[in-house]
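Source file: data_18.txt. Holds: compact mmCIF, C-alpha atoms.
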# COMPACT_ATOMS: atom_id res chain seq x y z
CA MET A 1 92.20 -96.26 104.48
CA ALA A 2 94.43 -99.21 103.64
CA ASP A 3 92.02 -101.70 105.16
CA LYS A 4 88.92 -100.42 103.36
CA ARG A 5 86.90 -103.15 101.69
CA ASP A 6 85.93 -103.02 98.04
CA TYR A 7 82.53 -101.31 97.74
CA TYR A 8 81.10 -104.10 95.59
CA GLU A 9 82.24 -106.63 98.20
CA VAL A 10 80.56 -104.60 100.96
CA LEU A 11 77.19 -104.87 99.16
CA GLY A 12 77.78 -108.48 98.12
CA LEU A 13 77.76 -107.61 94.43
CA LYS A 14 79.93 -108.14 91.39
CA LYS A 15 81.40 -105.30 89.36
CA GLY A 16 78.91 -104.38 86.66
CA ALA A 17 75.84 -104.88 88.89
CA SER A 18 72.74 -102.99 87.72
CA GLU A 19 71.27 -99.98 89.54
CA ASP A 20 68.33 -102.11 90.65
CA GLU A 21 70.65 -104.78 92.09
CA ILE A 22 72.60 -102.11 93.97
CA LYS A 23 69.43 -100.61 95.47
CA LYS A 24 68.03 -104.00 96.49
CA ALA A 25 71.31 -105.05 98.12
CA TYR A 26 71.55 -101.72 99.97
CA ARG A 27 67.99 -101.89 101.31
CA ARG A 28 68.44 -105.45 102.54
CA LEU A 29 71.82 -104.88 104.22
CA ALA A 30 70.89 -101.49 105.68
CA LYS A 31 67.80 -103.03 107.24
CA GLU A 32 69.72 -106.01 108.64
CA ASN A 33 72.46 -103.84 110.16
CA HIS A 34 70.46 -100.81 111.26
CA PRO A 35 71.69 -99.47 114.66
CA ASP A 36 68.14 -99.54 116.06
CA LEU A 37 68.09 -103.33 115.64
CA HIS A 38 71.51 -103.75 117.28
CA PRO A 39 71.69 -101.28 120.20
CA GLY A 40 75.20 -101.05 121.62
CA ASP A 41 76.70 -103.25 118.89
CA LYS A 42 79.69 -101.32 117.53
CA GLU A 43 80.37 -103.89 114.82
CA ALA A 44 76.83 -103.53 113.45
CA GLU A 45 77.18 -99.74 113.60
CA ASN A 46 80.44 -99.89 111.65
CA ARG A 47 78.89 -102.24 109.08
CA PHE A 48 75.97 -99.83 108.69
CA LYS A 49 78.37 -96.94 108.05
CA GLU A 50 80.35 -99.06 105.58
CA ILE A 51 77.16 -100.04 103.71
CA ASN A 52 76.01 -96.41 103.45
CA GLU A 53 79.43 -95.30 102.22
CA ALA A 54 79.47 -98.01 99.53
CA TYR A 55 75.95 -97.10 98.40
CA GLU A 56 76.78 -93.38 98.21
CA ILE A 57 79.52 -94.15 95.68
CA LEU A 58 77.96 -96.97 93.63
CA ASN A 59 74.55 -95.31 93.33
CA ASP A 60 76.08 -92.16 91.84
CA PRO A 61 76.95 -92.80 88.14
CA GLU A 62 79.87 -90.33 88.06
CA LYS A 63 81.39 -91.49 91.35
CA ARG A 64 80.92 -95.12 90.36
CA GLN A 65 82.72 -94.55 87.07
CA ASN A 66 85.64 -92.90 88.87
CA TYR A 67 85.74 -95.72 91.41
CA ASP A 68 85.65 -98.42 88.73
CA GLN A 69 88.54 -96.72 86.92
CA PHE A 70 90.78 -95.53 89.76
CA GLY A 71 89.54 -97.32 92.91
CA PHE A 72 89.35 -95.38 96.17
CA ALA A 73 91.71 -92.71 94.81
CA GLY A 74 89.07 -91.83 92.22
CA VAL A 75 86.45 -90.89 94.84
CA ASP A 76 88.56 -89.67 97.78
CA PRO A 77 91.20 -87.02 97.02
CA SER A 78 92.92 -87.65 100.38
CA TYR A 79 93.41 -91.35 99.65
CA ALA A 80 96.45 -90.89 97.42
CA ALA A 81 98.22 -88.76 100.01
CA GLN A 82 97.51 -91.28 102.77
CA GLN A 83 98.82 -94.10 100.60
CA GLY A 84 102.06 -92.31 99.76
CA GLY A 85 101.03 -90.17 96.77
CA GLY A 86 99.35 -90.66 93.43
CA PHE A 87 96.73 -93.04 92.09
CA GLY A 88 97.73 -96.57 93.02
CA GLY A 89 97.85 -99.55 90.73
CA PHE A 90 99.97 -98.25 87.83
CA GLY A 91 102.98 -100.46 88.47
CA GLY A 92 105.17 -97.67 89.88
CA ALA A 93 105.42 -95.93 86.52
CA GLY A 94 104.74 -92.57 88.16
CA PHE A 95 101.61 -91.88 86.10
CA GLY A 96 99.52 -91.62 89.25
CA ASP A 97 101.46 -88.55 90.39
CA PHE A 98 100.17 -86.50 87.44
CA ASP A 99 97.17 -84.18 87.57
CA LEU A 100 95.06 -85.55 84.70
CA GLY A 101 93.81 -82.06 83.91
CA ASP A 102 97.41 -80.88 83.52
CA ILE A 103 98.17 -83.74 81.15
CA PHE A 104 95.27 -82.71 78.91
CA ASP A 105 96.36 -79.08 79.18
CA SER A 106 99.92 -79.96 78.10
CA PHE A 107 98.85 -81.91 75.01
CA PHE A 108 95.59 -80.29 73.97
CA GLY A 109 95.83 -76.73 75.22
CA GLY A 110 93.39 -76.85 78.13
CA GLY A 111 90.86 -79.36 76.77
CA GLY A 112 90.86 -81.47 79.91
CA ARG A 113 88.76 -81.22 83.05
CA THR A 114 89.48 -78.28 85.33
CA ARG A 115 89.33 -78.36 89.09
CA SER A 116 90.10 -75.94 91.88
CA SER A 117 93.68 -76.12 93.13
CA ASN A 118 92.83 -74.07 96.20
CA ALA A 119 92.57 -76.42 99.17
CA THR A 120 90.98 -73.67 101.26
CA ALA A 121 88.06 -73.10 98.84
CA PRO A 122 84.61 -73.91 100.27
CA ARG A 123 83.40 -77.40 99.34
CA ARG A 124 79.93 -78.84 99.69
CA GLY A 125 79.55 -81.80 102.04
CA GLU A 126 78.67 -85.30 100.87
CA ASN A 127 75.05 -86.44 100.77
CA LEU A 128 73.95 -88.86 103.46
CA ARG A 129 71.74 -91.78 102.42
CA VAL A 130 69.42 -93.71 104.74
CA SER A 131 66.52 -96.11 104.28
CA LEU A 132 63.13 -95.73 105.95
CA GLU A 133 60.35 -98.29 106.24
CA LEU A 134 56.75 -97.03 106.16
CA THR A 135 53.40 -98.71 106.48
CA PHE A 136 51.05 -98.60 103.51
CA GLU A 137 48.88 -95.97 105.22
CA GLU A 138 51.87 -93.82 106.31
CA ALA A 139 53.07 -93.64 102.72
CA ALA A 140 49.58 -92.79 101.46
CA PHE A 141 48.73 -90.03 103.94
CA GLY A 142 52.19 -88.85 105.01
CA CYS A 143 53.60 -88.79 108.52
CA SER A 144 56.32 -87.38 110.72
CA LYS A 145 59.24 -89.71 111.44
CA GLU A 146 62.24 -89.47 113.74
CA ILE A 147 65.18 -90.99 111.86
CA PRO A 148 68.51 -92.09 113.36
CA ILE A 149 71.47 -90.85 111.32
CA SER A 150 75.23 -90.95 111.60
CA ARG A 151 76.85 -87.94 109.95
CA ILE A 152 80.05 -85.91 109.95
CA GLU A 153 79.71 -82.61 111.82
CA ASP A 154 82.02 -79.84 113.02
CA CYS A 155 83.96 -80.83 116.11
CA PRO A 156 82.15 -79.17 119.06
CA ASP A 157 85.43 -78.51 120.92
CA CYS A 158 87.35 -76.70 118.17
CA GLN A 159 84.34 -75.51 116.09
CA GLY A 160 85.82 -77.17 113.01
CA SER A 161 89.25 -75.55 113.10
CA GLY A 162 91.09 -78.73 114.11
CA CYS A 163 93.21 -76.74 116.58
CA ALA A 164 93.44 -77.04 120.32
CA SER A 165 91.82 -74.27 122.36
CA GLY A 166 93.74 -71.00 122.15
CA THR A 167 95.70 -71.93 119.00
CA THR A 168 95.27 -71.29 115.29
CA PRO A 169 96.52 -73.12 112.18
CA GLU A 170 99.52 -71.86 110.22
CA ILE A 171 99.32 -71.30 106.47
CA CYS A 172 101.63 -73.82 104.83
CA LYS A 173 104.74 -71.95 103.69
CA ARG A 174 105.69 -74.49 101.05
CA CYS A 175 102.46 -74.30 99.02
CA GLY A 176 101.24 -70.90 100.22
CA GLY A 177 97.95 -72.44 101.41
CA SER A 178 96.96 -73.90 98.04
CA GLY A 179 97.49 -77.49 99.21
CA SER A 180 99.33 -78.43 96.04
CA ILE A 181 102.67 -77.87 94.40
CA ARG A 182 103.47 -77.71 90.70
CA THR A 183 106.70 -79.10 89.35
CA GLN A 184 108.15 -79.36 85.87
CA SER A 185 110.15 -82.23 84.46
CA ARG A 186 111.70 -82.94 81.09
CA THR A 187 110.35 -86.09 79.41
CA ALA A 188 110.45 -87.69 76.00
CA PHE A 189 107.43 -85.55 75.18
CA GLY A 190 109.09 -82.34 76.29
CA VAL A 191 108.63 -80.35 79.50
CA MET A 192 105.62 -81.56 81.43
CA SER A 193 103.99 -79.85 84.40
CA THR A 194 102.59 -81.97 87.18
CA THR A 195 100.56 -81.05 90.24
CA THR A 196 100.79 -83.09 93.43
CA ALA A 197 99.54 -82.74 96.99
CA CYS A 198 101.89 -80.68 99.13
CA PRO A 199 103.90 -83.12 101.27
CA ASP A 200 104.18 -80.68 104.18
CA CYS A 201 100.45 -80.09 104.72
CA VAL A 202 99.23 -83.26 102.95
CA GLY A 203 97.04 -81.19 100.64
CA SER A 204 95.21 -79.23 103.35
CA GLY A 205 96.96 -75.89 102.81
CA ARG A 206 97.60 -75.42 106.52
CA ILE A 207 99.65 -76.91 109.30
CA ILE A 208 98.23 -77.55 112.75
CA HIS A 209 100.90 -77.55 115.45
CA SER A 210 98.51 -78.20 118.38
CA PRO A 211 95.69 -80.50 117.21
CA CYS A 212 92.35 -80.62 118.98
CA PRO A 213 92.35 -83.61 121.38
CA LYS A 214 88.77 -84.56 120.49
CA CYS A 215 89.00 -84.67 116.68
CA LYS A 216 92.81 -85.19 116.43
CA GLY A 217 93.10 -82.17 114.16
CA LYS A 218 90.49 -83.24 111.61
CA GLY A 219 88.04 -80.50 112.55
CA SER A 220 85.13 -82.91 112.29
CA VAL A 221 83.64 -85.83 114.18
CA ARG A 222 81.04 -88.45 113.34
CA LYS A 223 77.94 -87.98 115.45
CA ASN A 224 75.00 -90.32 115.95
CA THR A 225 71.87 -88.25 116.20
CA ARG A 226 68.18 -88.27 115.29
CA THR A 227 66.30 -85.88 113.05
CA THR A 228 62.56 -85.46 112.55
CA VAL A 229 61.40 -85.51 108.94
CA ASP A 230 57.95 -84.81 107.49
CA ILE A 231 57.13 -87.52 104.94
CA PRO A 232 54.80 -86.11 102.25
CA ALA A 233 51.50 -87.83 101.47
CA GLY A 234 51.58 -89.96 98.32
CA ILE A 235 55.21 -91.10 98.46
CA ASP A 236 55.69 -94.57 96.97
CA ASP A 237 57.95 -97.56 97.48
CA GLY A 238 61.49 -96.98 96.20
CA GLN A 239 61.19 -93.19 95.95
CA THR A 240 63.84 -90.97 97.55
CA LEU A 241 63.09 -87.87 99.61
CA SER A 242 65.75 -85.14 99.79
CA VAL A 243 66.11 -83.04 102.96
CA HIS A 244 68.30 -80.03 102.21
CA GLY A 245 71.35 -79.40 104.40
CA GLN A 246 70.97 -82.45 106.64
CA GLY A 247 73.89 -84.45 105.18
CA HIS A 248 77.60 -84.42 106.02
CA LYS A 249 79.17 -81.05 106.81
CA GLY A 250 80.96 -79.08 104.13
CA ALA A 251 84.63 -78.12 104.16
CA ASN A 252 86.06 -74.63 104.60
CA GLY A 253 82.68 -73.07 105.23
CA GLY A 254 80.97 -74.89 102.36
CA PRO A 255 77.32 -75.94 102.73
CA ALA A 256 76.33 -79.31 104.17
CA GLY A 257 75.15 -82.06 101.86
CA ASP A 258 71.59 -83.34 101.74
CA LEU A 259 69.92 -86.19 103.58
CA LEU A 260 68.52 -88.63 101.00
CA ILE A 261 65.83 -90.92 102.41
CA THR A 262 64.88 -93.95 100.30
CA VAL A 263 61.43 -95.22 101.26
CA SER A 264 60.44 -98.87 101.59
CA VAL A 265 56.68 -99.42 101.93
CA THR A 266 55.31 -102.48 103.72
CA PRO A 267 52.59 -104.17 101.59
CA SER A 268 48.98 -103.91 102.81
CA ASN A 269 46.92 -106.98 103.67
CA GLN A 270 43.88 -105.46 101.95
CA PHE A 271 44.98 -103.07 99.25
CA SER A 272 47.48 -102.82 96.44
CA ARG A 273 48.65 -99.65 94.77
CA ASP A 274 49.16 -98.56 91.17
CA GLY A 275 50.50 -95.00 91.12
CA PHE A 276 47.88 -92.98 92.97
CA SER A 277 45.14 -95.60 92.49
CA ILE A 278 44.10 -98.09 95.15
CA LEU A 279 43.10 -101.58 94.00
CA TYR A 280 40.80 -103.82 96.04
CA GLU A 281 39.13 -107.20 95.42
CA LEU A 282 35.59 -107.52 96.80
CA PRO A 283 34.28 -111.08 97.25
CA ILE A 284 30.48 -111.51 97.00
CA ASN A 285 28.31 -114.61 96.89
CA PHE A 286 26.19 -115.94 94.05
CA VAL A 287 22.93 -114.56 95.45
CA GLN A 288 24.36 -111.04 95.90
CA ALA A 289 25.67 -111.11 92.34
CA ALA A 290 22.35 -112.29 90.91
CA LEU A 291 19.93 -110.17 92.95
CA GLY A 292 22.12 -107.21 93.84
CA ASP A 293 22.91 -106.00 97.35
CA THR A 294 24.24 -103.11 99.42
CA VAL A 295 27.72 -103.98 100.69
CA GLU A 296 30.45 -102.31 102.75
CA VAL A 297 33.71 -101.67 100.91
CA PRO A 298 36.95 -101.00 102.87
CA THR A 299 38.88 -97.88 101.80
CA LEU A 300 41.84 -95.96 103.20
CA ASP A 301 39.30 -93.66 104.88
CA GLY A 302 37.22 -96.48 106.39
CA LYS A 303 34.27 -98.52 105.13
CA VAL A 304 31.79 -97.04 102.64
CA LYS A 305 28.49 -98.48 101.36
CA TYR A 306 28.10 -99.44 97.72
CA ASN A 307 25.10 -100.79 95.81
CA ILE A 308 25.91 -103.92 93.82
CA PRO A 309 23.50 -104.02 90.84
CA GLU A 310 21.58 -107.13 89.80
CA GLY A 311 23.37 -109.52 87.48
CA THR A 312 26.89 -108.40 88.41
CA GLN A 313 29.50 -110.66 86.80
CA SER A 314 32.76 -111.81 88.37
CA GLY A 315 35.59 -109.49 87.28
CA THR A 316 33.39 -106.39 87.07
CA VAL A 317 35.32 -103.28 88.18
CA PHE A 318 33.71 -100.35 90.04
CA ARG A 319 35.34 -96.99 90.67
CA LEU A 320 35.20 -95.06 93.95
CA ARG A 321 36.26 -91.56 93.00
CA GLY A 322 38.63 -89.71 95.33
CA LYS A 323 39.29 -92.76 97.51
CA GLY A 324 42.82 -93.36 96.24
CA VAL A 325 46.20 -91.99 97.31
CA PRO A 326 46.74 -88.20 97.63
CA HIS A 327 48.88 -86.79 94.83
CA LEU A 328 52.46 -86.33 95.97
CA HIS A 329 52.58 -82.58 95.29
CA GLY A 330 48.95 -81.81 96.03
CA GLY A 331 46.07 -81.44 93.63
CA GLY A 332 43.58 -84.03 94.78
CA ARG A 333 43.56 -87.79 95.14
CA GLY A 334 43.47 -90.84 92.94
CA ASP A 335 40.55 -93.29 92.78
CA GLN A 336 39.91 -96.72 94.24
CA PHE A 337 39.08 -99.52 91.82
CA VAL A 338 37.03 -102.40 93.20
CA THR A 339 37.12 -105.71 91.34
CA VAL A 340 34.20 -108.01 92.14
CA THR A 341 34.89 -111.74 92.53
CA VAL A 342 31.82 -114.00 92.71
CA GLU A 343 32.47 -116.93 95.02
CA THR A 344 31.02 -120.32 94.05
CA PRO A 345 29.35 -122.03 97.05
CA LYS A 346 30.96 -125.22 98.36
CA ASN A 347 29.73 -128.18 100.46
CA LEU A 348 26.07 -127.76 99.48
CA THR A 349 23.48 -129.96 101.13
CA GLY A 350 21.28 -132.27 99.04
CA GLU A 351 18.35 -129.91 99.44
CA GLN A 352 20.41 -126.95 98.28
CA LYS A 353 21.59 -128.86 95.24
CA ASP A 354 18.03 -129.80 94.32
CA ILE A 355 16.97 -126.15 94.63
CA LEU A 356 19.78 -125.11 92.28
CA ARG A 357 18.81 -127.79 89.77
CA GLN A 358 15.21 -126.63 89.86
CA PHE A 359 16.43 -123.07 89.38
CA GLY A 360 18.56 -124.18 86.44
CA GLU A 361 15.57 -125.92 84.83
CA THR A 362 13.58 -122.69 85.05
CA LEU A 363 16.30 -121.12 82.97
CA GLY A 364 15.75 -123.76 80.30
CA GLU A 365 18.92 -125.67 81.01
CA ASP A 366 18.97 -129.45 80.60
CA PHE A 367 20.08 -131.27 83.77
CA LYS A 368 18.82 -134.78 82.79
CA GLY A 369 22.30 -136.04 82.07
CA LYS A 370 23.58 -134.87 85.44
CA LYS A 371 20.60 -136.48 87.20
CA LYS A 372 21.23 -139.75 85.41
CA ARG A 373 24.88 -139.79 86.42
CA ARG A 374 23.88 -139.05 90.01
CA ARG A 375 21.73 -142.22 90.09
CA LEU A 376 24.65 -144.44 89.01
Is it possible to express this structure as structure tokens?
Amino acid sequence: MADKRDYYEVLGLKKGASEDEIKKAYRRLAKENHPDLHPGDKEAENRFKEINEAYEILNDPEKRQNYDQFGFAGVDPSYAAQQGGGFGGFGGAGFGDFDLGDIFDSFFGGGGRTRSSNATAPRRGENLRVSLELTFEEAAFGCSKEIPISRIEDCPDCQGSGCASGTTPEICKRCGGSGSIRTQSRTAFGVMSTTTACPDCVGSGRIIHSPCPKCKGKGSVRKNTRTTVDIPAGIDDGQTLSVHGQGHKGANGGPAGDLLITVSVTPSNQFSRDGFSILYELPINFVQAALGDTVEVPTLDGKVKYNIPEGTQSGTVFRLRGKGVPHLHGGGRGDQFVTVTVETPKNLTGEQKDILRQFGETLGEDFKGKKKRRRL
């Protein structure tokens, strides 16, 4: 723990960075250091884990606030015990050894935050965050994706007990399995109760005499695996999909966290998207615009025919109903909006120019000045 890097430093950000800056930094770094792009590279794998850990904390407003105020001790209860007890950084005044809830209780009669003092109580596992890149069409119509993940699971050798085969943990006699001890001391304010992690079991509530060789008594291991996820049709860039129970394992029989998948959609060469609408620019020539024509319009479902009416102006927008993106939770599809752009012909021959001038004269336009300039 002592060599952990500051989470803001991991993401290349300054303290006070916005949520958008945090997300952009995470997407970029997660993509650059993804294990699939660096097979066999342990350093890249460790960087990827470090990036995900930093994002899990900084993207959660409550965890970020605790981290900004107390550092690692504010987001990892085991950090204080591993560092020698208490929240660090208070100049040795002993304030870090106090349970903040107990301080509020002593002064205000229980007005502070409450938390379970039972170390053996079930606790939900942490959420696991990953990024996933999709093509424009995959996001529109949905798909099935196999995603590599690195998560904390029960040790397969000891089934999560942390004990070597044939042994069981002993309930800590000093704290009675609670993982914490309460002491009272007389201060200038009177008698104050403080709660600290039990030094014998380091806050776990139990003592393992014969640790499991594979997990070293932790009861859990980090495992690189792959999971198949169904991406729903209509998901958009930047949205996050939650897969229940696919995150890090819980503690003491608690449920696993969720797998949170943040989607990044690759832009299309043809289309752009606005919600569930598809936007497309259709170039036509001057003759098609003036006389009308039947043209083929690309859509997500393939090309469809559309009748361009006579006298169509550049910038005219046509709607193709039901040719947009499927609604995320069902209930039909959006529409496709086609914006017509009339292209002005270039590199005309002399004959073509004369024909256009004659055409212009039939419309009553005066081209004498242009003809005169042409003769100069």
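Each of A:Gly219, A:Gly332, A:Pro232, A:Pro283 was checked against Val263 of chain A using all atoms listed in the file; the smallest atom-to-atom distance is that of A:Pro232.
Between atom CA of Leu128 of chain A and atom CA of Ala17 of chain A the interatomic distance comes to 21.7 Å.
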Worksheet item: Counting only C-alpha atoms, what is within 12 Å of Arg124 of chain A, bar same-chain residues fewer than 5 positions away, as a PyMOL selection string?
Response: chain A and resi 244-258
Selection to disk with C-alpha atoms, as a PDB file, keeping the file's coordinate frame:
ATOM      1  CA  HIS A 244      68.300 -80.030 102.210  1.00  0.00           C
ATOM      2  CA  GLY A 245      71.350 -79.400 104.400  1.00  0.00           C
ATOM      3  CA  GLN A 246      70.970 -82.450 106.640  1.00  0.00           C
ATOM      4  CA  GLY A 247      73.890 -84.450 105.180  1.00  0.00           C
ATOM      5  CA  HIS A 248      77.600 -84.420 106.020  1.00  0.00           C
ATOM      6  CA  LYS A 249      79.170 -81.050 106.810  1.00  0.00           C
ATOM      7  CA  GLY A 250      80.960 -79.080 104.130  1.00  0.00           C
ATOM      8  CA  ALA A 251      84.630 -78.120 104.160  1.00  0.00           C
ATOM      9  CA  ASN A 252      86.060 -74.630 104.600  1.00  0.00           C
ATOM     10  CA  GLY A 253      82.680 -73.070 105.230  1.00  0.00           C
ATOM     11  CA  GLY A 254      80.970 -74.890 102.360  1.00  0.00           C
ATOM     12  CA  PRO A 255      77.320 -75.940 102.730  1.00  0.00           C
ATOM     13  CA  ALA A 256      76.330 -79.310 104.170  1.00  0.00           C
ATOM     14  CA  GLY A 257      75.150 -82.060 101.860  1.00  0.00           C
ATOM     15  CA  ASP A 258      71.590 -83.340 101.740  1.00  0.00           C
TER      16      ASP A 258
END
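Each of A:Ile207, A:Ile147, A:Val342, A:Val75 was checked against Ala289 of chain A using only C-alpha atoms; the smallest atom-to-atom distance is that of A:Val342.
Taking atom CA of Thr167 of chain A as the reference point, atom CA of Pro213 of chain A is found at 12.4 Å.
Take atom CA of Ile171 of chain A and atom CA of Ile208 of chain A: the distance between them is 8.9 Å.
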Quick one: what's the axis-aligned box for segment 304-309 of chain A, all listed atoms, 5 Å on every side, centre and edges in Å to one decimal, as JSON?
{"center_x": 27.6, "center_y": -100.5, "center_z": 96.7, "size_x": 18.3, "size_y": 17.0, "size_z": 21.8}
Applying 6 Å and all atoms listed in the file, which residues near Ile308 of chain A remain after dropping the ones on its own chain fewer than 3 positions away? List them as a PDB file with C-alpha atoms, keeping the file's coordinate frame.
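Printed below is result_17.pdb as written:
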ATOM      1  CA  GLY A 292      22.120-107.210  93.840  1.00  0.00           C
ATOM      2  CA  ASP A 293      22.910-106.000  97.350  1.00  0.00           C
ATOM      3  CA  THR A 294      24.240-103.110  99.420  1.00  0.00           C
TER       4      THR A 294
END
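Among the candidates A:Val325, A:Cys175, A:Val221, A:Val130, the residue lying nearest to Ser161 of chain A is A:Val221 (atoms considered: all atoms listed in the file).
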Discussion item. At a cut-off of 9 Å, using all atoms listed in the file, what residues contact Asn52 of chain A? Leave out same-chain residues fewer than 4 positions from it and give the result as a PyMOL selection string.
Written reply: chain A and resi 26+30+47-48+56-57+128-130
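Summary of the local environment: counting all atoms listed in the file, residues at most 10 Å from Asp274 of chain A, other than itself and those fewer than 5 positions away along its chain, are A:Asp236, A:Leu279, A:Gly324, A:Val325, A:Gly334, A:Gln336.
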Fill in: Among the residues A:Pro35, A:Gly177, A:Gly16, A:Gly217, the one that comes closest to Cys201 of chain A [using only C-alpha atoms]
A:Gly177
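Nearest residue to Val317 of chain A, choosing from A:Thr339, A:Leu11, A:Ala54, A:Lys31 and counting all atoms listed in the file: A:Thr339.
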Item to complete: Mind checking which residues fall within 7 Å of Cys212 of chain A, counting only C-alpha atoms, ignoring those fewer than 4 positions away in the same chain, and posting them as a list of chain:residue names?
Response: A:Cys158, A:Gly162, A:Cys163, A:Ala164, A:Lys216, A:Gly217
Regenerate segment 122-135 of chain A at the level of N, CA and C atoms and dump it as a PDB file, in the frame of the given file.
ATOM      1  N   PRO A 122      85.763 -73.225  99.679  1.00  0.00           N
ATOM      2  CA  PRO A 122      84.610 -73.910 100.270  1.00  0.00           C
ATOM      3  C   PRO A 122      84.177 -75.101  99.406  1.00  0.00           C
ATOM      4  N   ARG A 123      83.864 -76.214 100.050  1.00  0.00           N
ATOM      5  CA  ARG A 123      83.400 -77.400  99.340  1.00  0.00           C
ATOM      6  C   ARG A 123      82.138 -77.934 100.011  1.00  0.00           C
ATOM      7  N   ARG A 124      81.202 -78.299  99.189  1.00  0.00           N
ATOM      8  CA  ARG A 124      79.930 -78.840  99.690  1.00  0.00           C
ATOM      9  C   ARG A 124      80.159 -80.220 100.318  1.00  0.00           C
ATOM     10  N   GLY A 125      79.442 -80.503 101.380  1.00  0.00           N
ATOM     11  CA  GLY A 125      79.550 -81.800 102.040  1.00  0.00           C
ATOM     12  C   GLY A 125      78.890 -82.912 101.239  1.00  0.00           C
ATOM     13  N   GLU A 126      79.248 -84.144 101.555  1.00  0.00           N
ATOM     14  CA  GLU A 126      78.670 -85.300 100.870  1.00  0.00           C
ATOM     15  C   GLU A 126      77.218 -85.511 101.311  1.00  0.00           C
ATOM     16  N   ASN A 127      76.417 -86.062 100.415  1.00  0.00           N
ATOM     17  CA  ASN A 127      75.050 -86.440 100.770  1.00  0.00           C
ATOM     18  C   ASN A 127      75.076 -87.656 101.690  1.00  0.00           C
ATOM     19  N   LEU A 128      74.093 -87.735 102.540  1.00  0.00           N
ATOM     20  CA  LEU A 128      73.950 -88.860 103.460  1.00  0.00           C
ATOM     21  C   LEU A 128      72.703 -89.640 103.057  1.00  0.00           C
ATOM     22  N   ARG A 129      72.862 -90.946 102.858  1.00  0.00           N
ATOM     23  CA  ARG A 129      71.740 -91.780 102.420  1.00  0.00           C
ATOM     24  C   ARG A 129      71.300 -92.729 103.534  1.00  0.00           C
ATOM     25  N   VAL A 130      69.992 -92.788 103.763  1.00  0.00           N
ATOM     26  CA  VAL A 130      69.420 -93.710 104.740  1.00  0.00           C
ATOM     27  C   VAL A 130      68.184 -94.350 104.136  1.00  0.00           C
ATOM     28  N   SER A 131      67.760 -95.457 104.717  1.00  0.00           N
ATOM     29  CA  SER A 131      66.520 -96.110 104.280  1.00  0.00           C
ATOM     30  C   SER A 131      65.487 -95.978 105.392  1.00  0.00           C
ATOM     31  N   LEU A 132      64.225 -95.902 104.994  1.00  0.00           N
ATOM     32  CA  LEU A 132      63.130 -95.730 105.950  1.00  0.00           C
ATOM     33  C   LEU A 132      61.967 -96.618 105.550  1.00  0.00           C
ATOM     34  N   GLU A 133      61.482 -97.407 106.507  1.00  0.00           N
ATOM     35  CA  GLU A 133      60.350 -98.290 106.240  1.00  0.00           C
ATOM     36  C   GLU A 133      59.058 -97.635 106.721  1.00  0.00           C
ATOM     37  N   LEU A 134      58.051 -97.617 105.851  1.00  0.00           N
ATOM     38  CA  LEU A 134      56.750 -97.030 106.160  1.00  0.00           C
ATOM     39  C   LEU A 134      55.658 -98.052 105.991  1.00  0.00           C
ATOM     40  N   THR A 135      54.571 -97.883 106.727  1.00  0.00           N
ATOM     41  CA  THR A 135      53.400 -98.710 106.480  1.00  0.00           C
ATOM     42  C   THR A 135      52.689 -98.192 105.229  1.00  0.00           C
TER      43      THR A 135
END
